[in-house]
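Dumped input_35.cif below, it's mmCIF, C-alpha atoms and all ligand atoms:
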```
data_work
#
loop_
_atom_site.label_atom_id
_atom_site.label_comp_id
_atom_site.auth_asym_id
_atom_site.auth_seq_id
_atom_site.Cartn_x
_atom_site.Cartn_y
_atom_site.Cartn_z
CA MET R 1 139.87 103.33 22.21
CA SER R 2 136.39 103.20 23.58
CA LYS R 3 134.78 106.45 22.51
CA LYS R 4 133.75 107.73 19.11
CA SER R 5 135.99 110.47 17.71
CA LEU R 6 135.12 114.06 18.51
CA SER R 7 135.15 116.86 15.96
CA LEU R 8 136.37 120.21 17.12
CA VAL R 9 136.69 123.64 15.60
CA VAL R 10 139.17 126.24 16.81
CA VAL R 11 138.37 129.91 16.19
CA GLY R 12 139.61 133.25 17.47
CA HIS R 13 140.93 136.67 16.57
CA VAL R 14 144.02 136.53 14.34
CA ASP R 15 147.26 136.27 16.36
CA HIS R 16 145.53 135.22 19.56
CA GLY R 17 147.23 131.83 19.20
CA LYS R 18 144.94 129.45 17.32
CA SER R 19 147.77 127.77 15.40
CA THR R 20 150.00 127.61 18.45
CA VAL R 21 147.28 125.89 20.48
CA ILE R 22 146.72 123.35 17.70
CA GLY R 23 150.48 122.85 17.24
CA ARG R 24 150.80 122.24 20.98
CA LEU R 25 147.95 119.75 21.03
CA LEU R 26 149.58 117.80 18.19
CA HIS R 27 152.97 117.97 19.88
CA ASP R 28 151.93 117.07 23.42
CA THR R 29 149.79 114.12 22.30
CA HIS R 30 152.66 112.82 20.10
CA SER R 31 150.42 112.98 17.06
CA LEU R 32 152.92 114.49 14.65
CA PRO R 33 154.53 112.34 12.02
CA GLN R 34 158.05 111.35 13.02
CA GLY R 35 160.69 113.89 12.15
CA THR R 36 158.30 116.84 11.81
CA ILE R 37 159.54 118.66 14.89
CA ASP R 38 163.20 118.27 13.95
CA LYS R 39 162.50 119.38 10.43
CA VAL R 40 160.62 122.48 11.58
CA LYS R 41 163.29 123.33 14.16
CA LYS R 42 165.97 123.00 11.50
CA ILE R 43 164.15 125.30 9.09
CA ALA R 44 163.60 127.86 11.85
CA LYS R 45 167.27 127.80 12.68
CA GLU R 46 168.37 128.10 9.07
CA THR R 47 166.10 131.06 8.47
CA GLY R 48 167.12 132.67 11.75
CA LYS R 49 163.62 132.66 13.19
CA PRO R 50 162.70 131.42 16.65
CA PHE R 51 160.89 128.07 16.72
CA GLU R 52 157.09 128.42 16.75
CA TYR R 53 154.57 125.73 17.59
CA ALA R 54 152.37 127.27 14.93
CA TYR R 55 154.88 126.08 12.28
CA LEU R 56 154.11 122.51 13.28
CA LEU R 57 150.56 123.00 12.14
CA ASP R 58 151.72 124.48 8.82
CA ALA R 59 154.10 121.58 8.25
CA PHE R 60 151.41 119.07 9.12
CA GLU R 61 148.92 120.65 6.74
CA GLU R 62 151.45 120.98 3.95
CA GLU R 63 152.16 117.29 4.15
CA GLN R 64 148.47 116.46 3.99
CA GLN R 65 147.64 118.77 1.15
CA GLN R 66 150.64 118.04 -1.08
CA GLY R 67 150.11 121.14 -3.09
CA ILE R 68 146.38 120.77 -3.59
CA THR R 69 144.40 123.79 -2.55
CA ILE R 70 141.61 122.76 -0.27
CA ASP R 71 139.25 124.77 1.86
CA THR R 72 139.52 122.89 5.10
CA THR R 73 141.96 120.45 6.52
CA GLN R 74 141.06 117.82 9.00
CA ILE R 75 143.78 117.55 11.58
CA GLN R 76 143.73 114.37 13.56
CA PHE R 77 145.28 113.66 16.90
CA GLN R 78 144.61 111.24 19.68
CA THR R 79 144.85 110.98 23.40
CA ASP R 80 144.72 107.73 25.38
CA ASN R 81 141.01 108.23 25.48
CA ARG R 82 139.94 108.82 21.89
CA GLU R 83 140.59 110.38 18.53
CA TYR R 84 139.99 114.03 17.67
CA VAL R 85 139.42 115.73 14.38
CA ILE R 86 140.12 119.45 14.27
CA ILE R 87 138.42 121.17 11.39
CA ASP R 88 140.78 123.90 10.33
CA ALA R 89 139.69 126.51 7.85
CA PRO R 90 141.90 129.35 6.68
CA GLY R 91 139.24 131.94 7.31
CA HIS R 92 135.73 132.20 8.56
CA VAL R 93 134.18 132.19 5.08
CA GLU R 94 135.66 128.75 4.42
CA PHE R 95 134.71 127.58 7.88
CA LEU R 96 131.12 128.71 7.55
CA LYS R 97 130.88 127.26 4.06
CA ASN R 98 132.06 123.88 5.25
CA MET R 99 129.93 123.86 8.35
CA ILE R 100 126.82 124.82 6.48
CA SER R 101 127.31 122.56 3.51
CA GLY R 102 127.71 119.72 5.98
CA ALA R 103 131.26 118.92 4.81
CA ALA R 104 132.30 119.40 8.37
CA ASN R 105 130.18 119.16 11.45
CA ALA R 106 131.83 120.40 14.60
CA GLU R 107 130.54 119.02 17.87
CA ALA R 108 132.59 121.34 20.06
CA ALA R 109 134.41 124.65 19.65
CA PHE R 110 137.40 126.39 21.21
CA LEU R 111 137.24 130.16 21.17
CA ILE R 112 140.84 131.35 21.64
CA VAL R 113 141.30 134.67 23.41
CA ASP R 114 144.67 136.38 23.95
CA VAL R 115 144.28 137.19 27.64
CA LYS R 116 146.59 140.19 27.39
CA LYS R 117 144.70 141.80 24.51
CA GLY R 118 141.28 140.70 25.71
CA VAL R 119 138.03 140.34 23.78
CA GLU R 120 138.39 141.87 20.30
CA GLU R 121 136.09 142.43 17.37
CA GLN R 122 136.79 139.10 15.67
CA THR R 123 136.40 137.27 18.98
CA LYS R 124 132.87 138.63 19.09
CA ARG R 125 132.10 137.78 15.47
CA HIS R 126 133.38 134.27 15.88
CA ALA R 127 131.34 133.81 19.03
CA TYR R 128 128.31 134.98 17.11
CA MET R 129 129.05 132.57 14.28
CA LEU R 130 129.27 129.65 16.70
CA LYS R 131 125.88 130.67 18.04
CA LEU R 132 124.47 130.93 14.52
CA LEU R 133 125.75 127.45 13.73
CA GLY R 134 124.18 126.05 16.83
CA ILE R 135 127.39 124.66 18.33
CA LYS R 136 126.48 124.22 21.95
CA LYS R 137 129.72 122.99 23.44
CA VAL R 138 131.79 126.15 23.32
CA TYR R 139 134.89 126.54 25.51
CA ALA R 140 136.84 129.78 25.92
CA ILE R 141 140.59 129.22 25.97
CA PHE R 142 142.45 132.15 27.51
CA ASN R 143 145.87 131.93 25.92
CA LYS R 144 149.17 133.74 26.58
CA MET R 145 148.74 133.64 30.34
CA ASP R 146 152.56 133.98 30.54
CA LEU R 147 152.23 137.55 29.22
CA VAL R 148 150.09 138.52 32.23
CA ASP R 149 152.26 136.68 34.78
CA TYR R 150 149.63 133.97 35.14
CA GLU R 151 147.50 136.39 37.16
CA GLN R 152 144.00 135.46 38.17
CA ALA R 153 142.80 139.09 38.18
CA ARG R 154 143.43 139.53 34.44
CA PHE R 155 141.83 136.15 33.67
CA GLU R 156 138.71 137.12 35.65
CA ALA R 157 138.49 140.55 34.00
CA VAL R 158 138.56 139.10 30.46
CA LYS R 159 136.14 136.38 31.48
CA ALA R 160 133.69 139.02 32.74
CA ASP R 161 134.04 140.95 29.45
CA LEU R 162 133.33 137.87 27.39
CA ILE R 163 130.33 136.94 29.51
CA ASP R 164 128.97 140.49 29.10
CA PHE R 165 129.05 140.06 25.35
CA LEU R 166 127.69 136.52 25.28
CA THR R 167 124.81 136.83 27.71
CA PRO R 168 122.50 138.94 25.49
CA LEU R 169 123.18 136.40 22.70
CA ASN R 170 122.01 133.59 24.90
CA LEU R 171 125.32 131.88 24.27
CA THR R 172 126.88 130.04 27.15
CA VAL R 173 130.49 129.05 27.36
CA LEU R 174 130.81 125.77 29.21
CA ASP R 175 134.24 126.46 30.65
CA PHE R 176 137.08 129.00 30.68
CA VAL R 177 140.59 127.56 30.54
CA PRO R 178 143.77 129.60 31.16
CA VAL R 179 146.76 128.32 29.15
CA SER R 180 150.06 129.32 27.69
CA ALA R 181 150.25 127.43 24.43
CA PHE R 182 153.74 128.77 23.85
CA PHE R 183 155.11 127.32 27.09
CA GLY R 184 152.76 124.35 27.19
CA GLU R 185 151.21 125.42 30.47
CA ASN R 186 147.93 123.69 31.25
CA ILE R 187 147.78 121.93 27.87
CA LEU R 188 148.78 118.42 28.93
CA GLU R 189 150.24 119.34 32.29
CA GLN R 190 150.03 121.96 35.01
CA THR R 191 153.21 123.10 36.73
CA GLY R 192 151.37 124.73 39.61
CA ILE R 193 152.13 128.25 38.39
CA MET R 194 148.37 129.03 38.49
CA PRO R 195 147.40 127.67 41.93
CA TRP R 196 144.14 129.65 41.75
CA TYR R 197 142.97 127.53 38.80
CA GLN R 198 141.26 124.35 39.99
CA GLY R 199 139.97 123.12 36.64
CA LEU R 200 141.14 120.58 34.07
CA THR R 201 144.06 120.84 31.67
CA LEU R 202 143.05 121.45 28.06
CA ILE R 203 143.57 117.82 27.10
CA ALA R 204 141.76 116.49 30.18
CA LEU R 205 138.92 118.85 29.33
CA LEU R 206 138.74 117.49 25.77
CA ASP R 207 138.62 113.96 27.09
CA SER R 208 135.74 114.89 29.38
CA ILE R 209 133.47 116.11 26.56
CA ASP R 210 130.65 113.74 25.73
CA ASN R 211 129.85 112.93 22.13
CA ASP R 212 126.60 114.11 20.67
CA THR R 213 124.21 111.23 20.74
CA SER R 214 121.14 113.29 20.05
CA LEU R 215 121.21 112.81 16.26
CA SER R 216 120.06 109.18 16.54
CA GLU R 217 117.21 110.27 18.74
CA GLN R 218 115.96 112.92 16.32
CA ALA R 219 113.52 112.28 13.52
CA LEU R 220 114.82 110.89 10.23
CA ARG R 221 116.32 113.31 7.69
CA PHE R 222 117.84 111.63 4.64
CA PRO R 223 118.49 114.12 1.81
CA ILE R 224 118.89 112.43 -1.59
CA GLN R 225 122.30 113.04 -3.12
CA ASP R 226 121.90 110.96 -6.26
CA VAL R 227 119.80 108.31 -7.87
CA TYR R 228 121.65 105.58 -9.76
CA LYS R 229 120.25 103.06 -12.16
CA PHE R 230 121.93 99.75 -11.49
CA ASP R 231 120.77 96.71 -13.49
CA ASP R 232 117.01 97.05 -13.14
CA ARG R 233 117.07 98.77 -9.81
CA ARG R 234 117.11 102.40 -8.88
CA ILE R 235 119.39 103.12 -5.96
CA ILE R 236 118.75 106.21 -3.90
CA ALA R 237 121.99 107.41 -2.35
CA GLY R 238 122.72 109.96 0.34
CA ARG R 239 123.81 110.48 3.91
CA ILE R 240 121.59 110.01 6.94
CA GLU R 241 121.75 113.36 8.73
CA SER R 242 119.60 112.42 11.70
CA GLY R 243 117.38 109.58 12.86
CA ILE R 244 117.63 105.86 12.15
CA LEU R 245 116.47 104.14 8.98
CA ARG R 246 115.54 100.44 8.91
CA LYS R 247 114.68 97.97 6.22
CA GLY R 248 110.89 97.71 5.95
CA ASP R 249 110.28 101.27 7.25
CA GLU R 250 107.47 103.23 5.71
CA ILE R 251 109.01 106.45 4.40
CA GLN R 252 107.78 109.63 2.81
CA ILE R 253 109.66 111.55 0.11
CA PHE R 254 109.34 115.36 0.14
CA PRO R 255 108.44 117.88 -1.31
CA ASP R 256 105.71 115.69 -2.89
CA GLY R 257 105.16 113.54 0.16
CA ARG R 258 104.89 110.27 -1.79
CA LYS R 259 104.94 107.24 0.49
CA THR R 260 106.84 104.02 -0.02
CA VAL R 261 108.75 101.33 1.85
CA VAL R 262 112.50 100.65 2.19
CA GLU R 263 113.15 97.35 0.45
CA SER R 264 116.87 96.96 0.88
CA PHE R 265 120.16 98.65 1.68
CA THR R 266 123.04 98.48 -0.72
CA THR R 267 126.47 98.75 0.80
CA TRP R 268 129.81 98.56 -0.84
CA HIS R 269 132.13 97.04 1.70
CA GLU R 270 130.16 95.30 4.39
CA THR R 271 129.38 91.66 4.36
CA GLY R 272 126.02 90.26 5.38
CA GLU R 273 122.69 91.95 4.86
CA LYS R 274 122.42 95.50 6.13
CA THR R 275 119.14 96.28 7.81
CA VAL R 276 119.72 99.54 9.67
CA ALA R 277 121.56 102.83 9.11
CA TYR R 278 122.56 105.56 11.58
CA PRO R 279 123.32 109.30 11.37
CA GLY R 280 126.50 110.10 9.47
CA GLU R 281 126.31 106.96 7.31
CA SER R 282 126.39 107.29 3.54
CA ILE R 283 124.09 104.64 2.14
CA GLY R 284 122.09 103.52 -0.84
CA ILE R 285 118.57 102.12 -0.61
CA THR R 286 116.03 100.60 -2.93
CA VAL R 287 112.34 101.27 -2.39
CA ARG R 288 109.18 99.36 -3.19
CA ASP R 289 107.66 101.86 -5.62
CA GLU R 290 109.43 103.08 -8.74
CA PHE R 291 109.13 106.84 -8.43
CA PHE R 292 111.43 109.10 -10.34
CA ASN R 293 113.31 110.47 -7.39
CA ASN R 294 115.72 113.33 -7.68
CA ARG R 295 118.69 114.85 -5.95
CA GLY R 296 117.52 117.38 -3.40
CA GLU R 297 114.45 115.53 -2.19
CA VAL R 298 114.36 114.59 1.47
CA ILE R 299 113.26 111.25 2.90
CA THR R 300 111.65 111.12 6.33
CA HIS R 301 109.38 108.80 8.23
CA ALA R 302 105.74 109.45 7.53
CA VAL R 303 105.06 110.69 11.07
CA THR R 304 107.70 113.44 11.15
CA PRO R 305 107.29 115.60 8.05
CA PRO R 306 109.67 118.51 7.31
CA LEU R 307 108.50 121.97 6.24
CA VAL R 308 107.73 122.44 2.56
CA SER R 309 107.37 125.94 1.14
CA ASN R 310 108.58 128.62 -1.25
CA ALA R 311 109.73 131.17 1.35
CA PHE R 312 111.35 131.36 4.77
CA LEU R 313 112.55 133.79 7.40
CA ALA R 314 116.22 133.26 8.26
CA ASN R 315 119.01 134.55 10.43
CA LEU R 316 121.73 135.45 7.98
CA PHE R 317 125.46 136.07 8.40
CA TRP R 318 126.79 138.09 5.45
CA MET R 319 130.41 137.92 4.28
CA GLY R 320 130.05 138.94 0.65
CA LYS R 321 132.43 141.23 -1.21
CA THR R 322 129.46 143.49 -1.87
CA PRO R 323 126.47 144.00 0.44
CA LEU R 324 123.37 141.80 0.26
CA VAL R 325 120.68 143.86 -1.42
CA LYS R 326 116.93 143.74 -0.97
CA GLY R 327 115.25 142.62 -4.20
CA LYS R 328 118.39 140.93 -5.60
CA ARG R 329 118.49 137.32 -6.79
CA TYR R 330 120.88 134.82 -5.15
CA LYS R 331 121.43 131.09 -5.23
CA ILE R 332 120.73 129.13 -2.05
CA LYS R 333 122.19 125.72 -1.24
CA LEU R 334 120.42 123.78 1.47
CA ALA R 335 121.37 120.16 2.18
CA THR R 336 121.47 118.69 -1.35
CA GLN R 337 119.06 121.26 -2.85
CA GLU R 338 119.85 124.34 -4.91
CA VAL R 339 117.35 127.08 -5.58
CA TYR R 340 117.31 130.68 -6.76
CA ALA R 341 115.87 133.15 -4.30
CA THR R 342 115.12 136.84 -3.97
CA VAL R 343 115.60 138.87 -0.82
CA ALA R 344 112.01 139.92 -0.07
CA THR R 345 112.57 141.87 3.14
CA ILE R 346 115.42 142.69 5.47
CA GLU R 347 113.60 142.85 8.77
CA LYS R 348 116.49 143.64 11.07
CA VAL R 349 120.25 144.16 10.76
CA LEU R 350 122.66 143.61 13.61
CA ASP R 351 126.34 144.51 13.85
CA ALA R 352 127.79 141.23 15.20
CA SER R 353 130.53 142.89 17.19
CA THR R 354 128.63 145.80 18.76
CA LEU R 355 125.16 144.20 18.69
CA SER R 356 123.56 147.50 17.61
CA GLN R 357 120.35 146.99 15.59
CA PHE R 358 118.72 148.68 12.60
CA GLU R 359 115.17 148.05 11.38
CA ASP R 360 113.87 147.83 7.82
CA ALA R 361 117.23 148.11 6.02
CA GLN R 362 117.82 147.98 2.25
CA VAL R 363 121.22 146.23 2.45
CA VAL R 364 123.22 143.93 4.72
CA ASN R 365 126.91 144.86 4.86
CA ILE R 366 129.86 142.52 5.23
CA ASN R 367 130.13 140.95 8.69
CA ASP R 368 126.61 141.98 9.65
CA VAL R 369 123.91 139.63 10.80
CA ALA R 370 120.33 140.09 9.68
CA GLU R 371 116.83 138.68 9.75
CA VAL R 372 115.88 138.22 6.14
CA VAL R 373 112.90 136.77 4.25
CA PHE R 374 113.86 134.85 1.09
CA ASN R 375 111.30 134.17 -1.63
CA LEU R 376 112.30 130.99 -3.44
CA GLU R 377 111.73 130.25 -7.11
CA LYS R 378 110.44 126.79 -6.34
CA THR R 379 109.09 124.85 -3.40
CA ILE R 380 111.79 123.19 -1.33
CA VAL R 381 112.12 121.04 1.77
CA PHE R 382 113.59 122.45 4.98
CA ASP R 383 113.28 122.59 8.75
CA SER R 384 113.49 125.16 11.45
CA PHE R 385 117.12 125.23 12.67
CA LYS R 386 116.08 124.84 16.29
CA ASP R 387 114.80 121.35 15.39
CA PHE R 388 117.29 120.15 12.76
CA ASP R 389 120.84 121.24 11.90
CA VAL R 390 121.47 120.18 8.33
CA THR R 391 118.05 120.85 6.83
CA GLY R 392 117.78 124.02 8.92
CA ARG R 393 120.78 125.88 7.50
CA PHE R 394 121.92 127.08 4.10
CA VAL R 395 124.59 129.04 2.23
CA VAL R 396 123.98 131.95 -0.09
CA ILE R 397 125.93 132.16 -3.36
CA ASP R 398 126.41 135.54 -5.01
CA GLY R 399 127.77 134.98 -8.51
CA PHE R 400 130.26 132.19 -7.88
CA ASP R 401 131.13 133.00 -4.29
CA VAL R 402 129.76 131.69 -1.06
CA SER R 403 128.84 135.02 0.46
CA GLY R 404 126.73 134.21 3.45
CA GLY R 405 125.22 131.55 5.59
CA GLY R 406 122.02 131.32 7.47
CA THR R 407 119.71 129.35 9.67
CA ILE R 408 115.99 129.07 9.17
CA ALA R 409 113.78 130.66 11.80
CA GLU R 410 110.35 129.95 10.32
CA LYS R 411 108.40 129.00 7.24
CA ARG R 412 106.79 131.73 5.14
CA GLU R 413 104.60 131.34 2.12
CA ILE R 414 104.15 133.35 -1.05
CA ALA R 415 101.33 133.04 -3.52
CA GLU R 416 102.53 131.51 -6.83
CA ALA R 417 101.27 134.58 -8.72
CA SER R 418 103.69 136.91 -6.98
CA LEU R 419 106.74 134.86 -7.93
P1 LIG R 501 146.84 132.64 15.15
O1 LIG R 501 146.87 133.75 14.15
O2 LIG R 501 145.69 132.79 16.09
O3 LIG R 501 146.94 131.26 14.57
O4 LIG R 501 148.13 132.89 16.08
P2 LIG R 501 149.51 132.10 16.18
O5 LIG R 501 149.33 130.78 16.79
O6 LIG R 501 150.20 132.19 14.87
O7 LIG R 501 150.27 133.01 17.26
C1 LIG R 501 150.50 134.38 17.06
C2 LIG R 501 151.73 134.81 17.85
O8 LIG R 501 151.47 134.68 19.24
C3 LIG R 501 152.95 133.96 17.57
O9 LIG R 501 154.08 134.79 17.51
C4 LIG R 501 153.04 133.01 18.75
O10 LIG R 501 154.32 132.61 19.08
C5 LIG R 501 152.47 133.88 19.85
N1 LIG R 501 151.88 133.05 20.92
C6 LIG R 501 150.95 132.06 20.76
N2 LIG R 501 150.66 131.52 21.96
C7 LIG R 501 151.40 132.17 22.88
C8 LIG R 501 151.54 132.07 24.31
O11 LIG R 501 150.94 131.25 24.98
N3 LIG R 501 152.40 132.94 24.91
C9 LIG R 501 153.11 133.86 24.20
N4 LIG R 501 153.93 134.66 24.88
N5 LIG R 501 153.01 133.98 22.87
C10 LIG R 501 152.18 133.15 22.21
#
```

What's the structure tokens form of this structure?
Ligand code: GDP
Amino acid sequence: MSKKSLSLVVVGHVDHGKSTVIGRLLHDTHSLPQGTIDKVKKIAKETGKPFEYAYLLDAFEEEQQQGITIDTTQIQFQTDNREYVIIDAPGHVEFLKNMISGAANAEAAFLIVDVKKGVEEQTKRHAYMLKLLGIKKVYAIFNKMDLVDYEQARFEAVKADLIDFLTPLNLTVLDFVPVSAFFGENILEQTGIMPWYQGLTLIALLDSIDNDTSLSEQALRFPIQDVYKFDDRRIIAGRIESGILRKGDEIQIFPDGRKTVVESFTTWHETGEKTVAYPGESIGITVRDEFFNNRGEVITHAVTPPLVSNAFLANLFWMGKTPLVKGKRYKIKLATQEVYATVATIEKVLDASTLSQFEDAQVVNINDVAEVVFNLEKTIVFDSFKDFDVTGRFVVIDGFDVSGGGTIAEKREIAEASL
């Protein structure tokens, strides 16, 4: 297989067919473990239920999890062209949490829409979330075409509705694909029942998506996860989020901005000396100067500093059990940093499904989106989300729950005295 694997997220209003689409993809690409289909068919028969492709996904996940409760599953399948990883989260809280914490990084997204029901509230919220997360390769999959007799008119009407919602958000969908996941129409093959559709099948479309190469071209962002003492050396460990790091590079460690030089890479399983590391790699390095580095600091090249401050303006998506309240204290997790923060102002609140706006609010209710200024209890390192993904987004913890996620719009500053 020539290409790198592609990570994909599938979202959509409940019952619009997310699990059926995934089940179909696994089935049609022969990616299910042997015996799964027979087993699922047998259970369906025994319980008197009709066979559902969605059950394939459940069976697949059950096998992977083996009773352990986990937030997201990574479902793998492959075509002749490359491997795919679908990041499947039970709900959008888990999805957002994983996306923002960097546990999962989706390169492309499928927004599933039941073409008979049309664009619904959750479709809109999910579309907004994809926008908030900066996923640029978004494809709308119009499912259940069989229920509308494969008619072009209905497809076009729903497409127009979706475009009406997305345009003010500045969110573009790269393609609209009519399918029937249930009957397998236009997943791997087209039977010709939709002669008006000239585009690719879902699988051909997947294979045509280019991988994101831009991370290597961006400036270096290497958040420190841990510092280990090993013999006499201190090893700084973490994952390269963007940019390329080489042995001998002059680096700067923020928030202090101390400068030093990369002396060596430590790797666990490679042979030969490692001299360069790319985005996505988890590595350890030693540096020339013995500073006492800590988890949460961010390493960059000296010429491309991040933002360092004790406040920022963010676009926030709130999913808490109780509303976000102006003046209340929350915990923020950003890359490998954790900091307590107070909501200083709520500049604007937006209902993510109707897009109606309110100024100068006191609270942000569940499922609303807002522009919020956070005052932080210490100085941290971050970036504007338009420039960097991982250091530009964060999650908000209320008590013990991940209750919201956000992306940083700009740096703000507060005088130490007012903290
Ligand atoms: P999810 O909640 O989005 O994961 O939805 P499911 O995949 O569980 O599907 C919800 C229901 O819609 C199930 O009863 C499916 O059989 C049905 N369904 C899914 N795709 C299609 C389709 O293409 N055509 C028809 N007629 N029904 C479908």

Pick the closest to ligand LIG 501 (chain R) from R:Lys144, R:His30, R:Lys41, R:Lys247: which is it, counting all atoms listed in the file?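 Of all the options, R:Lys144 lies closest to ligand LIG 501 (chain R).
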
Taking all atoms listed in the file into account, which residues are within 12 Å of ligand LIG 501 (chain R), as a PDB file with C-alpha atoms, in the frame of the given file?
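Writing the result to result_8.pdb gives the following:
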```pdb
ATOM      1  CA  VAL R  10     139.170 126.240  16.810  1.00  0.00           C
ATOM      2  CA  VAL R  11     138.370 129.910  16.190  1.00  0.00           C
ATOM      3  CA  GLY R  12     139.610 133.250  17.470  1.00  0.00           C
ATOM      4  CA  HIS R  13     140.930 136.670  16.570  1.00  0.00           C
ATOM      5  CA  VAL R  14     144.020 136.530  14.340  1.00  0.00           C
ATOM      6  CA  ASP R  15     147.260 136.270  16.360  1.00  0.00           C
ATOM      7  CA  HIS R  16     145.530 135.220  19.560  1.00  0.00           C
ATOM      8  CA  GLY R  17     147.230 131.830  19.200  1.00  0.00           C
ATOM      9  CA  LYS R  18     144.940 129.450  17.320  1.00  0.00           C
ATOM     10  CA  SER R  19     147.770 127.770  15.400  1.00  0.00           C
ATOM     11  CA  THR R  20     150.000 127.610  18.450  1.00  0.00           C
ATOM     12  CA  VAL R  21     147.280 125.890  20.480  1.00  0.00           C
ATOM     13  CA  ILE R  22     146.720 123.350  17.700  1.00  0.00           C
ATOM     14  CA  GLY R  23     150.480 122.850  17.240  1.00  0.00           C
ATOM     15  CA  ARG R  24     150.800 122.240  20.980  1.00  0.00           C
ATOM     16  CA  LEU R  25     147.950 119.750  21.030  1.00  0.00           C
ATOM     17  CA  LYS R  49     163.620 132.660  13.190  1.00  0.00           C
ATOM     18  CA  PRO R  50     162.700 131.420  16.650  1.00  0.00           C
ATOM     19  CA  PHE R  51     160.890 128.070  16.720  1.00  0.00           C
ATOM     20  CA  GLU R  52     157.090 128.420  16.750  1.00  0.00           C
ATOM     21  CA  TYR R  53     154.570 125.730  17.590  1.00  0.00           C
ATOM     22  CA  ALA R  54     152.370 127.270  14.930  1.00  0.00           C
ATOM     23  CA  TYR R  55     154.880 126.080  12.280  1.00  0.00           C
ATOM     24  CA  LEU R  56     154.110 122.510  13.280  1.00  0.00           C
ATOM     25  CA  LEU R  57     150.560 123.000  12.140  1.00  0.00           C
ATOM     26  CA  ASP R  58     151.720 124.480   8.820  1.00  0.00           C
ATOM     27  CA  ASP R  88     140.780 123.900  10.330  1.00  0.00           C
ATOM     28  CA  ALA R  89     139.690 126.510   7.850  1.00  0.00           C
ATOM     29  CA  PRO R  90     141.900 129.350   6.680  1.00  0.00           C
ATOM     30  CA  GLY R  91     139.240 131.940   7.310  1.00  0.00           C
ATOM     31  CA  PHE R 110     137.400 126.390  21.210  1.00  0.00           C
ATOM     32  CA  LEU R 111     137.240 130.160  21.170  1.00  0.00           C
ATOM     33  CA  ILE R 112     140.840 131.350  21.640  1.00  0.00           C
ATOM     34  CA  VAL R 113     141.300 134.670  23.410  1.00  0.00           C
ATOM     35  CA  ASP R 114     144.670 136.380  23.950  1.00  0.00           C
ATOM     36  CA  VAL R 115     144.280 137.190  27.640  1.00  0.00           C
ATOM     37  CA  LYS R 116     146.590 140.190  27.390  1.00  0.00           C
ATOM     38  CA  LYS R 117     144.700 141.800  24.510  1.00  0.00           C
ATOM     39  CA  GLN R 122     136.790 139.100  15.670  1.00  0.00           C
ATOM     40  CA  THR R 123     136.400 137.270  18.980  1.00  0.00           C
ATOM     41  CA  ILE R 141     140.590 129.220  25.970  1.00  0.00           C
ATOM     42  CA  PHE R 142     142.450 132.150  27.510  1.00  0.00           C
ATOM     43  CA  ASN R 143     145.870 131.930  25.920  1.00  0.00           C
ATOM     44  CA  LYS R 144     149.170 133.740  26.580  1.00  0.00           C
ATOM     45  CA  MET R 145     148.740 133.640  30.340  1.00  0.00           C
ATOM     46  CA  ASP R 146     152.560 133.980  30.540  1.00  0.00           C
ATOM     47  CA  LEU R 147     152.230 137.550  29.220  1.00  0.00           C
ATOM     48  CA  VAL R 148     150.090 138.520  32.230  1.00  0.00           C
ATOM     49  CA  ASP R 149     152.260 136.680  34.780  1.00  0.00           C
ATOM     50  CA  TYR R 150     149.630 133.970  35.140  1.00  0.00           C
ATOM     51  CA  PRO R 178     143.770 129.600  31.160  1.00  0.00           C
ATOM     52  CA  VAL R 179     146.760 128.320  29.150  1.00  0.00           C
ATOM     53  CA  SER R 180     150.060 129.320  27.690  1.00  0.00           C
ATOM     54  CA  ALA R 181     150.250 127.430  24.430  1.00  0.00           C
ATOM     55  CA  PHE R 182     153.740 128.770  23.850  1.00  0.00           C
ATOM     56  CA  PHE R 183     155.110 127.320  27.090  1.00  0.00           C
ATOM     57  CA  GLY R 184     152.760 124.350  27.190  1.00  0.00           C
ATOM     58  CA  GLU R 185     151.210 125.420  30.470  1.00  0.00           C
ATOM     59  CA  ASN R 186     147.930 123.690  31.250  1.00  0.00           C
ATOM     60  CA  ILE R 187     147.780 121.930  27.870  1.00  0.00           C
TER      61      ILE R 187
END
```

Please write out, as JSON, where the centre of an axis-aligned box around all listed atoms of region 371-374 of chain R lies and how long its edges are, in Å to one decimal, after adding 8 Å on each side.
```
{"center_x": 114.9, "center_y": 136.8, "center_z": 5.4, "size_x": 19.9, "size_y": 19.8, "size_z": 24.7}
```

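Going from CA of Ala237 (chain R) to CA of Val339 (chain R) covers 20.5 Å.
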
For Lys259 (chain R): contacts at 10 Å, only C-alpha atoms, fewer than 4 positions along chain excluded, given as a ChimeraX atom specification: /R:250-254,287-289,291,299-302

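With all atoms listed in the file as the basis for measurement, R:Leu355 is the residue among R:Asp360, R:Phe382, R:Leu355, R:Phe292 that approaches Asp164 (chain R) most closely.
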
What is the CA of Val298 (chain R) to CA of Glu241 (chain R) distance in Å?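 About the pair CA of Val298 (chain R) and CA of Glu241 (chain R): they are 10.4 Å apart.
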
Please write C-alpha atoms of region 173-183 of chain R, from the structure given just now, as a compact mmCIF listing (two decimals), in the first residue's frame.
```
# COMPACT_ATOMS: atom_id res chain seq x y z
CA VAL R 173 -18.58 20.66 1.98
CA LEU R 174 -16.25 19.23 -0.65
CA ASP R 175 -18.75 16.79 -2.10
CA PHE R 176 -22.29 15.45 -1.69
CA VAL R 177 -22.71 11.70 -2.15
CA PRO R 178 -26.08 9.93 -2.46
CA VAL R 179 -26.04 6.39 -1.03
CA SER R 180 -28.21 3.69 0.40
CA ALA R 181 -26.07 2.11 3.08
CA PHE R 182 -28.78 -0.45 3.74
CA PHE R 183 -28.79 -1.74 0.16
```
